[in-house]
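These notes are about the structure you will find just below.
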Amino acid sequence: MKVEVAVRVPLERELKEVLEELGITEFRVIRKSIDARKSPVFVYKVVVDLPEEKAKELIEKGTAVPYRPVEPLTIPKARSSKKVLVVGSGPAGLFSALVLSQAGLKVIVVERGKPVEEREKDVALFWKERVLDENSNVQFGEGGAGTFSDGKLTTRVKDKKKHFVFKVLVECGAPPEILYLNRPHVGTDRLKIVVRNLREKLKSMGVEFRFSTLFKGLNVENGRVTSVLLKDLKTEREMLEEFDYIFLAVGNSARDTFLTLSKSGIKLEAKPFAVGLRVIHRQRTINRIQYGRKWFKHPKLPPAEYAFTYRGKGRNVYSFCMCPGGYVICASSEKESVVTNGMSNYARDSGYANSAIVVQVFPEDFENDPFKAVEFQRALERAAFVMGGSNYTMPAQRVVDFLEGRSSTELIEGGYIPEIKSARLDRLLPGEITGALRKAFLYWKEKIPFFVPANATLVGVETRTSSPVRIVRKEDYTSVSADNLYPIGEGAGYAGGITSSAIDGINAAMSLLERINHEKVF
């Protein structure tokens with residue numbers, strides 16, 4: 001009988017010896033986390049196959065519970081042949097393409113950016129020589145914005161399809177421990193390999209990829225997309241093509257696409273998002289905060305993470321996309337603008353930690369106009385570009401100087417790519433947002449010792465936390481404006497992060513299969 005056993009393992013002990021004391025010698029780890037509230041302890045959940053009498057004994061003691069495995073995702077075959085266009089090769093696009101092709105449909109993926117191997121060179125050139133390719137950069141290209149991130153897979157979405165996502169990622173080269181870690185991550189160095197392998201997997205299933213191909217528009221008649229305009233960015237040739245269904249997985253930085261959709265009569269609306277700054281600490285500072293003075297140097301403990309919130313009057317402040325052992329990177333996708341993001345390699349060994357610290361903004365701040373929200377983002381990014389010296393250097397200011405309203409003569413010595421420059425970030429953001437950030441940092445300074453050390457440095461500006469635009473859709477994942485158009489993922493306003501975007505793409509694909517087959521499939 002298979003049962004699930006939870007065990008707590010102190011740092012000075014090993015999981016195997018703790019389980020042997022319970023009479024368990026063979027096991028499989030299905031969950032691992034850290035309880036750092038007092039002395040850090042590893043918390044495991046393991047599956048063991050025991051004689052029924054022994055299993056019942058452990059269950060009666062409260063040491064074990066019956067094991068209930070996650071049912072695998074069953075993808076039905078489509079009962080009719082259809083041609084599907086997927087716009088965007090981020091997680092939502094790739095996983096929708098995976099499900100649709102596995103069902104037997106003809107799938108074409110178009111991506112304005114380049115394959116990850118070429119994209120990596122474009123990003124390196126931008127960071128080294130400040131030459132920005134507006135279609136191949138940190139935001140655009142194969143794998144989406146997540147390719148140049150920490151590769152975090154944590155999600156609040158309660159959908160068991162995440163296990164399917166993780167399994168596919170492991171098959172494509174992701175670390176096997178993502179299947180059981182409480183806070184799994186892949187790292188940008190390994191994610192590039194995973195993305196390439198997933199592309200090859202999809203191609204072997206018959207998926208056609210067209211890189212450097214821009215979605216230029218669509219024609220809608222009687223509530224249905226009749227044709228799509230695509231542009232080959234290498235030849236400048238435009239093509240009008242017909243597809244049975246279109247999946248829009250464009251990412252939250254596709255501002256030109258949002259405008260194109262609006263002009264084509266596709267309903268959009270403003271949605272809440274957040275803006276702010278990134279803060280860099282030495283990683284050992286965060287380790288000490290989370291693990292305590294006695295344990296923060298222990299070799300078994302991974303680089304520590306944090307998630308902080310501050311409840312303000314009307315606008316909450318919170319940490320977002322925390323990257324242990326990583327870098328703050330310049331993630332611009334438009335010329336003469338500066339955008340920040342966080343990135344870590346798998347080893348998380350930079351010696352620095354960073355996190356966005358952001359403040360809520362709401363549709364009513366922009367008269368419920370999504371394009372006014374986009375222009376608000378743009379204005380901040382352009383101002384940050386000028387503050388940094390108009391060469392894609394990121395403006396920066398020590399936290400203590402931000403709080404006091406003065407220039408910084410020194411900044412943190414590392415944890416960023418490519419450069420930072422002292423600037424008055426306290427003058428960059430609107431007063432209401434700056435005020436909220438100051439109150440949050442003063443609150444955390446009192447509540448969390450060491451969180452505001454002398455060298456902690458803010459870097460600006462963080463604007464792409466999530467899409468300010470939602471492409472309005474119905475419960476069956478189709479646009480309210482065109483019943484063969486499926487807006488999915490983060491850019492459509494329905495996900496946030498790699499895992500939830502992938503799940504959204506899977507759910508939309510399964511919904512289409514349900515429609516084609518005229519029966520419920522999930």
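As shown in the structure tokens, the chain order sets the letters A, B, ...; within each chain, residues go from 1, and ligands are also counted from 1 in the order they appear.
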For the alpha helix (DSSP H) assignment from backbone DSSP, which residues of range 250-408 of chain A qualify? Please present them as a ChimeraX atom specification.
/A:255-263,283-291,370-387,399-404
Output the selection as a short mmCIF file (atom, residue, chain, number, x, y, z; two decimals), in the first residue's frame - C-alpha atoms for each residue.
data_model
loop_
_atom_site.label_atom_id
_atom_site.label_comp_id
_atom_site.auth_asym_id
_atom_site.auth_seq_id
_atom_site.Cartn_x
_atom_site.Cartn_y
_atom_site.Cartn_z
CA ARG A 255 2.09 47.15 -27.06
CA ASP A 256 1.89 47.48 -30.85
CA THR A 257 -0.18 44.29 -30.98
CA PHE A 258 -2.65 45.64 -28.43
CA LEU A 259 -3.17 48.71 -30.61
CA THR A 260 -3.58 46.55 -33.72
CA LEU A 261 -6.20 44.41 -31.98
CA SER A 262 -8.13 47.46 -30.83
CA LYS A 263 -8.20 48.90 -34.36
CA GLN A 283 22.75 37.68 -0.72
CA ARG A 284 24.29 37.03 2.70
CA THR A 285 22.13 39.86 4.09
CA ILE A 286 18.97 38.09 2.97
CA ASN A 287 20.32 34.74 4.21
CA ARG A 288 20.89 36.24 7.66
CA ILE A 289 17.39 37.74 7.75
CA GLN A 290 15.74 34.46 6.82
CA TYR A 291 17.96 31.85 8.46
CA PRO A 370 -5.70 50.57 -21.32
CA PHE A 371 -3.68 52.73 -23.71
CA LYS A 372 -3.33 55.49 -21.15
CA ALA A 373 -1.94 52.84 -18.81
CA VAL A 374 0.56 51.81 -21.51
CA GLU A 375 1.62 55.43 -22.00
CA PHE A 376 2.09 55.76 -18.24
CA GLN A 377 4.54 52.84 -18.39
CA ARG A 378 6.31 54.34 -21.40
CA ALA A 379 6.72 57.74 -19.76
CA LEU A 380 8.42 56.17 -16.74
CA GLU A 381 10.70 54.05 -18.93
CA ARG A 382 11.75 57.03 -21.03
CA ALA A 383 12.42 59.12 -17.95
CA ALA A 384 14.56 56.30 -16.53
CA PHE A 385 16.53 56.20 -19.79
CA VAL A 386 17.36 59.90 -19.47
CA MET A 387 18.18 59.58 -15.75
CA VAL A 399 17.58 52.95 -0.18
CA VAL A 400 18.72 55.20 2.68
CA ASP A 401 19.18 58.09 0.25
CA PHE A 402 15.81 57.42 -1.38
CA LEU A 403 14.22 57.68 2.06
CA GLU A 404 16.08 60.90 2.88
#
If you count only C-alpha atoms, which residues fall within 9 Å of range 294-308 of chain A, apart from same-chain ones fewer than 6 positions away, as a PyMOL selection string?
chain A and resi 11+34+39-40+283-288+317-325+348-349+351+353+355+357+444
Write out as a count of residues only the residues lying within 12 Å of Ile178 in chain A, counting only C-alpha atoms and excluding same-chain residues fewer than 3 positions away.
31
Closest contacts (range 178-203 of chain A/range 98-114 of chain A, max 10 Å, only C-alpha atoms) as JSON lines:
{"residue": "A:Leu198", "atom": "CA", "partner": "A:Leu98", "partner_atom": "CA", "distance": 9.0}
{"residue": "A:Arg199", "atom": "CA", "partner": "A:Leu98", "partner_atom": "CA", "distance": 9.6}
{"residue": "A:Lys201", "atom": "CA", "partner": "A:Leu98", "partner_atom": "CA", "distance": 8.8}
{"residue": "A:Leu202", "atom": "CA", "partner": "A:Leu98", "partner_atom": "CA", "distance": 6.4}
{"residue": "A:Lys203", "atom": "CA", "partner": "A:Ser101", "partner_atom": "CA", "distance": 9.6}
Go ahead and write the residues just picked, C-alpha atoms, as a PDB file, in the first residue's frame.
ATOM      1  CA  LEU A 198      10.961  21.937 -26.421  1.00  0.00           C
ATOM      2  CA  ARG A 199      11.057  23.547 -29.869  1.00  0.00           C
ATOM      3  CA  LYS A 201      10.130  18.237 -29.566  1.00  0.00           C
ATOM      4  CA  LEU A 202       7.310  20.255 -31.109  1.00  0.00           C
ATOM      5  CA  LYS A 203       8.904  20.211 -34.554  1.00  0.00           C
TER       6      LYS A 203
END
Taking 6 positions as the minimum chain separation for residues in the same chain, which residues sit within 12 Å of range 48-51 of chain A when counting only C-alpha atoms? Answer as a list in words.
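In the requested format, the answer is Met1, Lys2, Val3, Glu4, Val5, Ala6, Leu19, Glu20, Leu22, Gly23, Ile24, Thr25, Glu26, Phe27, Arg28, Val29, Ile30, Glu57, Leu58, Ile59, Ala64, Val65, Pro66, Tyr67 and Arg68 of chain A.
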